[in-house]
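Chemist: Input structure_39.txt, format and content: compact mmCIF, C-alpha atoms.
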# COMPACT_ATOMS: atom_id res chain seq x y z
CA MET A 1 90.29 -181.38 64.91
CA LYS A 2 90.60 -177.77 66.07
CA THR A 3 89.46 -174.93 63.84
CA GLU A 4 89.80 -171.21 64.37
CA PHE A 5 87.96 -168.50 62.47
CA GLU A 6 89.37 -164.99 62.75
CA THR A 7 88.66 -161.53 61.42
CA PHE A 8 91.19 -158.70 61.49
CA THR A 9 90.82 -154.94 61.50
CA ARG A 10 93.16 -152.70 59.53
CA GLN A 11 95.11 -151.88 62.70
CA GLU A 12 95.55 -155.56 63.56
CA VAL A 13 96.90 -156.34 60.09
CA ALA A 14 99.25 -153.35 60.25
CA GLU A 15 100.58 -154.46 63.64
CA ARG A 16 101.40 -157.91 62.29
CA GLY A 17 103.58 -156.54 59.47
CA GLU A 18 104.18 -157.28 55.82
CA ALA A 19 105.01 -160.96 56.30
CA PHE A 20 101.43 -161.44 57.35
CA LEU A 21 100.01 -160.35 54.04
CA TRP A 22 100.57 -163.05 51.45
CA PRO A 23 102.85 -165.98 50.57
CA PRO A 24 105.75 -167.05 50.18
CA ASP A 25 104.80 -168.63 53.49
CA PRO A 26 101.27 -169.93 52.96
CA ALA A 27 100.85 -170.53 56.67
CA VAL A 28 100.82 -166.78 57.30
CA ALA A 29 99.04 -165.68 54.12
CA LEU A 30 96.27 -163.22 54.72
CA MET A 31 95.91 -160.95 51.70
CA PRO A 32 98.02 -159.88 48.71
CA PRO A 33 99.88 -156.57 49.02
CA SER A 34 97.68 -154.95 46.35
CA ILE A 35 94.58 -155.64 48.42
CA TRP A 36 96.34 -154.39 51.54
CA GLU A 37 97.17 -151.17 49.70
CA LEU A 38 93.54 -150.86 48.72
CA VAL A 39 92.42 -151.39 52.31
CA ARG A 40 95.14 -149.17 53.78
CA THR A 41 94.29 -146.19 51.57
CA HIS A 42 90.52 -146.52 51.73
CA PRO A 43 89.23 -143.00 52.42
CA ASP A 44 86.48 -143.81 54.84
CA LEU A 45 86.95 -147.29 56.20
CA PRO A 46 85.44 -147.55 59.69
CA ALA A 47 88.13 -148.69 62.13
CA ASP A 48 86.00 -151.47 63.55
CA LEU A 49 85.19 -153.19 60.25
CA PRO A 50 87.23 -156.28 59.43
CA VAL A 51 89.59 -156.04 56.44
CA ALA A 52 90.59 -159.69 56.33
CA THR A 53 89.41 -163.06 57.51
CA ALA A 54 91.12 -166.40 57.93
CA LEU A 55 90.38 -169.98 58.84
CA SER A 56 92.91 -172.26 60.54
CA ILE A 57 92.70 -176.01 61.04
CA ASP A 58 94.92 -177.55 63.69
CA GLY A 59 96.99 -174.38 63.87
CA VAL A 60 97.61 -174.06 60.10
CA ARG A 61 95.96 -171.26 58.19
CA VAL A 62 94.10 -172.97 55.35
CA ALA A 63 92.09 -170.13 53.84
CA SER A 64 92.01 -166.35 53.94
CA MET A 65 90.36 -163.45 52.16
CA GLY A 66 90.64 -159.67 52.04
CA LEU A 67 87.52 -157.68 52.83
CA ILE A 68 86.77 -154.29 51.32
CA SER A 69 84.21 -151.87 52.71
CA GLN A 70 81.85 -150.95 49.90
CA PRO A 71 78.73 -149.34 51.30
CA LEU A 72 75.46 -149.76 49.46
CA ARG A 73 73.18 -146.82 48.86
CA ILE A 74 69.57 -147.89 48.99
CA GLY A 75 66.93 -145.26 48.41
CA GLY A 76 69.17 -142.56 49.84
CA ARG A 77 70.21 -144.63 52.85
CA VAL A 78 73.83 -145.76 53.08
CA VAL A 79 74.23 -149.31 54.38
CA PRO A 80 77.68 -150.63 55.38
CA CYS A 81 78.62 -153.67 53.36
CA LEU A 82 81.76 -155.75 52.86
CA THR A 83 82.89 -157.37 49.66
CA GLY A 84 85.53 -160.08 49.34
CA HIS A 85 88.77 -159.98 47.40
CA SER A 86 91.28 -162.73 46.71
CA LEU A 87 90.12 -165.83 48.48
CA TYR A 88 93.21 -167.88 49.17
CA SER A 89 93.32 -171.59 49.90
CA HIS A 90 96.37 -173.40 51.21
CA PRO A 91 97.97 -175.38 48.33
CA ASP A 92 97.55 -178.65 50.24
CA ARG A 93 93.87 -177.97 50.84
CA ARG A 94 92.72 -176.83 47.41
CA ALA A 95 89.51 -178.48 46.16
CA GLY A 96 88.95 -179.60 49.74
CA GLY A 97 86.23 -177.05 50.44
CA VAL A 98 88.14 -174.86 52.90
CA GLY A 99 87.22 -171.73 50.92
CA GLY A 100 83.57 -172.63 51.32
CA LEU A 101 84.02 -173.24 55.05
CA LEU A 102 85.67 -169.84 55.45
CA LEU A 103 82.92 -168.09 53.53
CA ARG A 104 80.25 -169.90 55.53
CA GLU A 105 81.83 -168.82 58.83
CA LEU A 106 82.28 -165.29 57.54
CA LEU A 107 78.63 -164.94 56.47
CA LYS A 108 77.48 -166.18 59.88
CA ASN A 109 79.87 -163.81 61.62
CA LEU A 110 78.84 -160.78 59.56
CA ALA A 111 75.13 -161.62 59.88
CA GLY A 112 75.62 -161.60 63.65
CA ARG A 113 76.96 -158.05 63.33
CA GLY A 114 74.13 -157.04 60.97
CA LEU A 115 76.60 -156.59 58.09
CA PRO A 116 75.78 -157.80 54.58
CA PHE A 117 78.42 -159.30 52.31
CA SER A 118 78.42 -158.65 48.58
CA ALA A 119 80.30 -160.06 45.62
CA TYR A 120 80.63 -158.82 42.05
CA GLY A 121 81.71 -160.64 38.95
CA ALA A 122 82.30 -163.89 40.73
CA THR A 123 83.50 -166.84 38.68
CA PRO A 124 80.90 -169.55 37.94
CA TYR A 125 82.43 -171.65 40.74
CA ALA A 126 82.23 -168.81 43.26
CA ASN A 127 78.75 -167.98 42.08
CA ARG A 128 77.60 -171.53 42.77
CA LEU A 129 79.26 -171.49 46.16
CA MET A 130 77.68 -168.22 47.22
CA THR A 131 74.28 -169.24 45.94
CA ALA A 132 74.66 -172.46 47.94
CA LEU A 133 75.31 -170.29 50.99
CA ARG A 134 71.96 -168.60 50.36
CA MET A 135 73.36 -165.38 48.95
CA VAL A 136 70.89 -163.72 46.60
CA ASN A 137 71.62 -162.73 43.03
CA VAL A 138 70.35 -159.17 42.90
CA GLY A 139 71.45 -157.78 39.59
CA LEU A 140 73.41 -157.99 36.43
CA SER A 141 75.61 -155.32 34.90
CA PRO A 142 75.62 -156.06 31.16
CA ARG A 143 78.90 -155.99 29.28
CA TRP A 144 79.21 -154.49 25.81
CA VAL A 145 82.23 -155.45 23.78
CA ILE A 146 83.58 -154.23 20.44
CA PRO A 147 86.78 -155.30 18.69
CA LEU A 148 88.83 -152.36 17.45
CA ARG A 149 91.56 -154.44 15.89
CA SER A 150 91.31 -157.88 14.41
CA GLY A 151 93.85 -159.54 16.71
CA PRO A 152 91.55 -161.09 19.33
CA ILE A 153 89.08 -162.43 16.78
CA LEU A 154 91.69 -163.83 14.44
CA ARG A 155 93.67 -165.41 17.24
CA SER A 156 90.62 -167.16 18.62
CA ARG A 157 89.38 -168.23 15.17
CA LEU A 158 92.70 -169.31 13.68
CA GLY A 159 94.30 -170.57 16.87
CA SER A 160 97.74 -169.47 15.71
CA VAL A 161 99.49 -166.21 16.52
CA PRO A 162 101.72 -166.12 13.35
CA LEU A 163 98.74 -166.95 11.11
CA ALA A 164 96.62 -164.29 12.86
CA ARG A 165 99.35 -161.68 12.26
CA VAL A 166 99.37 -162.41 8.54
CA ALA A 167 95.57 -162.30 8.33
CA ALA A 168 95.54 -159.04 10.30
CA VAL A 169 97.48 -157.30 7.55
CA ALA A 170 94.44 -157.76 5.31
CA VAL A 171 91.69 -157.31 7.86
CA ASP A 172 92.93 -154.44 10.03
CA PRO A 173 92.58 -151.66 7.41
CA LEU A 174 88.95 -152.70 6.85
CA LEU A 175 88.26 -152.74 10.58
CA ARG A 176 89.92 -149.35 11.03
CA ALA A 177 87.78 -147.90 8.23
CA TRP A 178 84.65 -149.37 9.78
CA SER A 179 85.65 -147.99 13.19
CA LEU A 180 86.15 -144.51 11.68
CA VAL A 181 82.70 -144.66 10.12
CA GLN A 182 81.19 -145.66 13.47
CA ARG A 183 82.93 -142.81 15.24
CA ALA A 184 81.82 -140.33 12.59
CA ARG A 185 78.24 -141.52 12.99
CA TYR A 186 78.47 -141.03 16.73
CA ARG A 187 80.04 -137.60 16.78
CA PRO A 188 77.91 -135.66 19.27
CA SER A 189 76.25 -132.44 18.20
CA ALA A 190 77.95 -129.10 18.83
CA ALA A 191 75.59 -128.54 21.74
CA GLY A 192 76.40 -131.96 23.14
CA HIS A 193 78.73 -133.08 25.88
CA ALA A 194 82.48 -132.63 25.82
CA LEU A 195 85.22 -134.44 27.61
CA GLU A 196 88.16 -133.41 29.79
CA GLU A 197 90.83 -135.70 31.12
CA VAL A 198 91.45 -135.11 34.82
CA ASP A 199 94.22 -136.11 37.17
CA SER A 200 92.49 -135.04 40.34
CA PHE A 201 89.11 -136.10 41.48
CA ALA A 202 88.57 -132.70 43.03
CA ALA A 203 87.24 -131.86 39.56
CA LEU A 204 84.46 -134.36 40.06
CA ARG A 205 83.30 -133.14 43.44
CA ASP A 206 80.66 -130.87 41.96
CA PHE A 207 79.01 -133.84 40.36
CA GLY A 208 76.27 -134.91 42.72
CA LEU A 209 75.05 -138.43 43.07
CA PRO A 210 71.89 -139.02 41.09
CA GLU A 211 68.97 -139.78 43.35
CA THR A 212 67.45 -143.11 42.59
CA PRO A 213 65.26 -145.64 44.33
CA LEU A 214 67.60 -148.39 43.11
CA VAL A 215 70.44 -149.88 45.04
CA HIS A 216 73.91 -148.91 44.00
CA VAL A 217 77.39 -148.87 45.31
CA ARG A 218 78.38 -145.63 46.93
CA ARG A 219 80.22 -143.37 44.57
CA ASP A 220 81.75 -140.05 45.44
CA ALA A 221 84.97 -138.24 44.55
CA ALA A 222 86.97 -139.79 47.42
CA TYR A 223 85.73 -143.24 46.52
CA LEU A 224 86.59 -142.81 42.84
CA ASP A 225 90.00 -141.45 43.75
CA TRP A 226 90.61 -144.54 45.85
CA LYS A 227 89.42 -146.80 43.06
CA MET A 228 91.73 -145.17 40.52
CA ARG A 229 94.69 -145.35 42.86
CA PHE A 230 94.07 -149.05 43.14
CA ALA A 231 93.90 -149.42 39.35
CA ARG A 232 97.18 -147.51 39.06
CA HIS A 233 98.81 -149.68 41.71
CA ASP A 234 99.70 -152.18 39.01
CA ALA A 235 102.47 -150.82 36.78
CA ALA A 236 101.13 -152.84 33.82
CA VAL A 237 97.82 -151.00 34.00
CA ARG A 238 97.09 -147.59 32.57
CA ALA A 239 94.19 -145.89 34.31
CA ARG A 240 92.63 -142.64 33.10
CA ALA A 241 89.77 -140.51 34.35
CA PHE A 242 87.54 -138.23 32.30
CA ARG A 243 85.10 -135.58 33.32
CA VAL A 244 82.12 -135.00 31.08
CA VAL A 245 80.97 -131.38 30.80
CA ASP A 246 77.80 -130.06 29.26
CA GLU A 247 77.56 -127.18 26.77
CA SER A 248 77.79 -124.60 29.57
CA GLY A 249 80.94 -126.19 31.01
CA ARG A 250 79.27 -127.76 34.05
CA GLY A 251 80.28 -131.21 35.22
CA ALA A 252 77.77 -133.70 33.90
CA GLY A 253 79.41 -137.01 34.55
CA HIS A 254 82.62 -138.96 34.48
CA PHE A 255 84.14 -142.18 33.34
CA LEU A 256 87.15 -144.16 34.39
CA VAL A 257 89.09 -146.25 31.93
CA ARG A 258 91.57 -149.00 32.59
CA VAL A 259 93.84 -150.22 29.80
CA ALA A 260 95.73 -153.44 30.35
CA THR A 261 96.95 -156.52 28.57
CA HIS A 262 96.52 -160.14 29.61
CA GLU A 263 92.87 -159.72 30.37
CA ARG A 264 89.75 -161.77 30.12
CA VAL A 265 86.63 -160.62 28.29
CA GLY A 266 83.67 -162.72 29.32
CA SER A 267 84.63 -166.34 29.15
CA GLN A 268 87.33 -165.61 26.57
CA GLU A 269 90.86 -165.50 27.87
CA TYR A 270 92.99 -163.17 25.75
CA ARG A 271 96.76 -163.04 25.83
CA ASP A 272 98.88 -160.10 24.69
CA VAL A 273 95.74 -158.22 23.81
CA ARG A 274 95.16 -154.65 24.88
CA ILE A 275 91.79 -154.32 26.55
CA CYS A 276 90.26 -150.92 27.22
CA ARG A 277 87.71 -151.42 29.99
CA VAL A 278 85.39 -148.78 31.40
CA LEU A 279 85.45 -149.25 35.16
CA ASP A 280 82.91 -146.69 36.11
CA LEU A 281 80.64 -144.58 34.01
CA ALA A 282 78.16 -141.96 35.18
CA MET A 283 76.39 -139.91 32.55
CA PRO A 284 73.09 -138.13 32.18
CA SER A 285 70.68 -140.75 30.96
CA SER A 286 69.80 -139.11 27.67
CA ALA A 287 70.15 -140.21 24.07
CA ASP A 288 72.60 -137.37 23.37
CA GLY A 289 74.64 -138.11 26.50
CA ALA A 290 74.79 -141.80 25.60
CA ARG A 291 75.91 -141.06 22.03
CA ALA A 292 78.57 -138.69 23.39
CA ALA A 293 79.79 -141.34 25.85
CA VAL A 294 80.11 -144.01 23.16
CA TYR A 295 81.80 -141.56 20.80
CA HIS A 296 84.36 -140.52 23.45
CA LEU A 297 84.99 -144.08 24.56
CA LEU A 298 85.72 -145.18 20.99
CA ARG A 299 88.12 -142.26 20.63
CA VAL A 300 89.89 -143.02 23.91
CA ALA A 301 90.18 -146.70 23.02
CA ALA A 302 91.56 -145.86 19.56
CA ARG A 303 94.08 -143.44 21.06
CA GLU A 304 95.18 -146.13 23.50
CA ARG A 305 95.60 -148.51 20.55
CA ALA A 306 93.28 -150.95 22.24
CA ASP A 307 92.33 -154.20 20.55
CA VAL A 308 89.03 -154.44 22.39
CA LEU A 309 86.77 -151.91 24.11
CA GLU A 310 84.59 -153.19 26.90
CA VAL A 311 81.82 -151.16 28.54
CA LEU A 312 79.96 -152.33 31.61
CA THR A 313 76.80 -150.38 32.09
CA THR A 314 73.32 -150.76 33.44
CA ASP A 315 72.20 -147.63 31.65
CA ALA A 316 69.71 -148.63 28.93
CA ARG A 317 70.49 -145.62 26.73
CA ILE A 318 74.23 -146.22 26.77
CA GLY A 319 73.53 -149.88 26.10
CA SER A 320 71.37 -148.89 23.17
CA ALA A 321 74.07 -146.54 21.83
CA CYS A 322 76.63 -149.34 22.17
CA ARG A 323 74.35 -151.70 20.25
CA SER A 324 73.91 -149.12 17.47
CA ALA A 325 77.67 -148.61 17.29
CA GLY A 326 78.28 -152.29 16.64
CA PHE A 327 79.07 -153.50 20.16
CA ARG A 328 78.11 -157.06 21.02
CA ARG A 329 76.30 -157.73 24.27
CA SER A 330 78.13 -160.35 26.26
CA ASN A 331 77.44 -161.83 29.66
CA GLY A 332 77.67 -159.31 32.43
CA TYR A 333 78.85 -159.17 36.01
CA GLU A 334 76.40 -160.51 38.51
CA MET A 335 76.10 -159.15 42.02
CA LEU A 336 75.18 -161.26 45.01
CA ILE A 337 74.30 -160.09 48.50
CA SER A 338 74.03 -162.14 51.67
CA ARG A 339 70.75 -162.18 53.55
CA THR A 340 71.16 -159.95 56.55
CA ALA A 341 68.60 -158.61 58.96
CA GLY A 342 68.42 -154.85 58.63
CA LEU A 343 69.22 -154.69 54.93
CA PRO A 344 66.19 -153.16 53.18
CA ASP A 345 64.17 -155.60 51.10
CA ALA A 346 64.86 -153.42 48.05
CA ALA A 347 68.39 -154.77 48.06
CA TYR A 348 67.13 -158.26 47.31
CA ALA A 349 64.87 -157.33 44.43
CA ILE A 350 65.92 -159.46 41.49
CA ASP A 351 67.12 -157.46 38.50
CA ASN A 352 67.69 -154.47 40.69
CA TRP A 353 70.26 -153.07 38.33
CA PHE A 354 73.13 -151.16 39.79
CA LEU A 355 74.11 -147.74 38.60
CA THR A 356 77.77 -148.12 39.31
CA MET A 357 80.13 -150.15 37.26
CA VAL A 358 81.71 -153.12 38.86
CA GLU A 359 85.45 -153.29 39.27
CA SER A 360 87.44 -155.74 37.26
CA GLU A 361 89.66 -156.29 40.30
CA SER A 362 86.70 -157.60 42.22
CA ALA A 363 86.65 -160.88 40.34
CA PHE A 364 87.96 -162.99 43.15
CA PHE A 365 88.32 -166.72 43.79
CA MET B 1 62.97 -188.77 68.19
CA LYS B 2 63.49 -189.58 64.53
CA THR B 3 64.17 -193.23 63.71
CA GLU B 4 67.50 -194.20 62.20
CA ALA B 5 65.81 -195.44 59.04
CA SER B 6 63.99 -192.19 58.51
CA VAL B 7 67.13 -190.10 59.05
CA ARG B 8 69.12 -192.32 56.68
CA ASP B 9 66.35 -192.03 54.10
CA ARG B 10 66.22 -188.27 54.44
CA VAL B 11 69.98 -187.93 54.23
CA GLN B 12 69.97 -190.19 51.18
CA ASP B 13 67.23 -188.10 49.56
CA ILE B 14 69.30 -184.96 50.11
CA PHE B 15 72.43 -186.55 48.62
CA ARG B 16 70.46 -187.87 45.64
CA SER B 17 68.82 -184.52 45.01
CA VAL B 18 71.95 -182.34 45.37
CA LEU B 19 74.25 -184.66 43.44
CA GLY B 20 71.65 -185.45 40.78
CA LYS B 21 72.03 -189.20 41.32
CA PRO B 22 68.55 -190.68 41.87
CA ALA B 23 69.93 -194.18 42.34
CA LEU B 24 72.71 -193.24 44.79
CA VAL B 25 72.80 -195.49 47.85
CA VAL B 26 74.30 -193.78 50.86
CA HIS B 27 76.44 -195.97 53.12
CA ASP B 28 78.96 -195.31 55.86
CA GLY B 29 82.03 -195.68 53.63
CA LEU B 30 80.77 -193.33 50.91
CA ALA B 31 83.10 -190.36 50.36
CA ALA B 32 83.39 -187.44 47.94
CA LYS B 33 85.93 -189.27 45.80
CA ASP B 34 83.35 -191.99 45.06
CA VAL B 35 80.83 -189.68 43.35
CA ASP B 36 81.95 -187.75 40.29
CA ASN B 37 80.10 -184.49 40.94
CA TRP B 38 80.47 -184.40 44.72
CA ASP B 39 82.77 -181.39 44.64
CA SER B 40 83.45 -178.77 47.28
CA VAL B 41 80.50 -176.62 46.23
CA ASN B 42 78.05 -179.52 46.30
CA ASN B 43 79.51 -180.41 49.68
CA ILE B 44 78.41 -177.01 50.99
CA VAL B 45 75.00 -177.43 49.36
CA ILE B 46 74.61 -180.81 51.12
CA VAL B 47 75.57 -179.24 54.46
CA MET B 48 73.11 -176.39 54.04
CA GLU B 49 70.32 -178.82 53.08
CA LEU B 50 71.09 -181.09 56.03
CA GLU B 51 71.04 -178.17 58.45
CA GLU B 52 67.77 -176.89 57.07
CA LYS B 53 65.91 -180.18 56.71
CA LEU B 54 67.20 -181.95 59.82
CA GLY B 55 67.22 -178.86 62.05
CA VAL B 56 70.88 -179.19 63.06
CA VAL B 57 73.85 -176.84 62.99
CA PHE B 58 77.32 -178.13 62.20
CA THR B 59 80.43 -176.44 63.50
CA THR B 60 83.33 -175.77 61.16
CA ALA B 61 85.46 -178.24 63.15
CA GLU B 62 82.85 -180.96 62.63
CA LEU B 63 82.68 -180.28 58.90
CA ALA B 64 86.46 -180.08 58.51
CA GLY B 65 86.81 -183.45 60.26
CA MET B 66 84.28 -185.41 58.21
CA GLN B 67 85.88 -187.88 55.81
CA ASP B 68 82.89 -189.95 54.78
CA VAL B 69 79.16 -190.45 55.31
CA GLY B 70 79.85 -192.58 58.39
CA ASP B 71 81.42 -189.52 60.05
CA LEU B 72 78.30 -187.56 59.12
CA PHE B 73 75.96 -190.09 60.74
CA ARG B 74 78.12 -190.21 63.89
CA CYS B 75 78.02 -186.41 64.04
CA LEU B 76 74.25 -186.41 63.59
CA ALA B 77 73.92 -189.05 66.32
CA SER B 78 75.96 -186.87 68.68
CA LYS B 79 73.37 -184.14 68.10
CA GLY B 80 70.49 -186.46 68.93
CA VAL B 81 69.52 -187.08 65.30
CA SER B 82 69.58 -190.83 64.84
Since I need it in another form, could you write the structure as structure tokens?
Modeler:
Amino acid sequence: MKTEFETFTRQEVAERGEAFLWPPDPAVALMPPSIWELVRTHPDLPADLPVATALSIDGVRVASMGLISQPLRIGGRVVPCLTGHSLYSHPDRRAGGVGGLLLRELLKNLAGRGLPFSAYGATPYANRLMTALRMVNVGLSPRWVIPLRSGPILRSRLGSVPLARVAAVAVDPLLRAWSLVQRARYRPSAAGHALEEVDSFAALRDFGLPETPLVHVRRDAAYLDWKMRFARHDAAVRARAFRVVDESGRGAGHFLVRVATHERVGSQEYRDVRICRVLDLAMPSSADGARAAVYHLLRVAARERADVLEVLTTDARIGSACRSAGFRRSNGYEMLISRTAGLPDAAYAIDNWFLTMVESESAFF
Amino acid sequence: MKTEASVRDRVQDIFRSVLGKPALVVHDGLAAKDVDNWDSVNNIVIVMELEEKLGVVFTTAELAGMQDVGDLFRCLASKGVS
């Protein structure tokens, strides 16, 4: 039995053409076009870093995965790191462990180059696999969820869409009234933070990265721009960016919102439900800032006619404001990092909470 | 040189521990389909445990070619672990 493990740079993928990216022909699958777009438009991807990896057995490609450069910032030091997107297994080989073999080879290969590998929001299966491969669970980004319309709850409780619609006629006005009360309670003071919607991330460039001894994913205007472009790549997704300004008009933070249907919230699979999800949130860690953030997020979600608002944050004050506003804390996104020589020990500290939100698109496998 | 009995016992201990089957008896014909929770993830866990506890390194080709425990023992023997 002959096996071949390969990694590909961006230039190598580009030279091989579109047919190389994803099925219909599983034998040549490498990555879906959306991931290729993400890789292709990455603002600062080093040319020598791999963007995809594949495993072949007896000349047939059996597994592949896209790789995204997502540097880690650890105590002011930026460490190159790759994260995986869209692990693909050949239909004839599914459940045969080829995904695990690919990941095992990849981790060995990257460790040899001194590159760590990270994963966010992995499924329970992927989490088990990566833990088995000695990756370390380094943090959890809690998820706060609040229903804004009764649809998701009624559908899951009643198990019938027509019945849920009838029940919603009675329940929705009450929920709307309750939501209005919550928003009124959370209206920030006149001296508090205000919000501006922005199209260009140039507006965010004056917002410096907060210095922290914790590990977090690199976040600057170019990176956010890239992230939003990726969110907007899907026509079914509405992505919006907001700049938070303080009372003197200075940039004080930002948040990115993605509104889409057919989403999953925690372990609950929702269909035909509009989910408003905060992809990235950076705010001054103050009680007033947190109240302002929750207030604005509720407004944005209501304006988008979202059924559910989901906030992923490691910020304790925003979490506390969410709790006070009636959000329910659900399971969060875990982050795992491979053990790699040269990565500071701080990266492996358990419960080393990350400042940056995880991306919903990063749930791979 | 480890004796065959000791290697078999150690391999069996690893299988029992990873698969949560304290009474599992490992034999040459045993394959993943014979044990209900021997899935692809547990397969990787078994490989990692074998590498660590027996001091061997498997290639991807070796792992991809293994169909049953007999293949595993033959592979271990080829690495001087028997």
Chemist: Within 8 Å of region 163-183 of chain A, which residues of region 275-317 of chain A show up? Give each one with its shortest atom-to-atom distance in Å (one decimal) and the two atoms involved, counting all atoms listed in the file, rows by chain then rising residue number, as JSON lines.
Modeler:
{"residue": "A:Tyr295", "atom": "CA", "partner": "A:Arg183", "partner_atom": "CA", "distance": 5.8}
{"residue": "A:Leu298", "atom": "CA", "partner": "A:Arg183", "partner_atom": "CA", "distance": 6.8}
{"residue": "A:Arg299", "atom": "CA", "partner": "A:Arg183", "partner_atom": "CA", "distance": 7.5}
Chemist: Choose the residue, out of A:Leu101, A:Ala14, A:Ala52, A:Met65, that has the smallest atom-to-atom separation from chain B; count all atoms listed in the file.
Modeler: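 Of the candidates, the smallest distance to chain B is held by A:Leu101.
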Chemist: CA of Asp13 (chain B) and CA of Glu49 (chain B) are how many Å apart?
Modeler: 10.4 Å
Chemist: Counting all atoms listed in the file, figure out which residue out of A:Phe8, A:Trp144, A:Tyr125, A:Phe242 gets nearest to Arg328 (chain A).
Modeler: A:Trp144
Chemist: I'd like the neighbourhood of region 50-58 of chain B as a PyMOL selection string, where a residue qualifies if any of its atoms comes within 12 Å (using only C-alpha atoms), though same-chain residues fewer than 3 positions away should be ignored.
Modeler: (chain A and resi 101+104-105+108+133-134) or (chain B and resi 1-2+6-15+17-18+43-47+61-66+72-73+75-82)
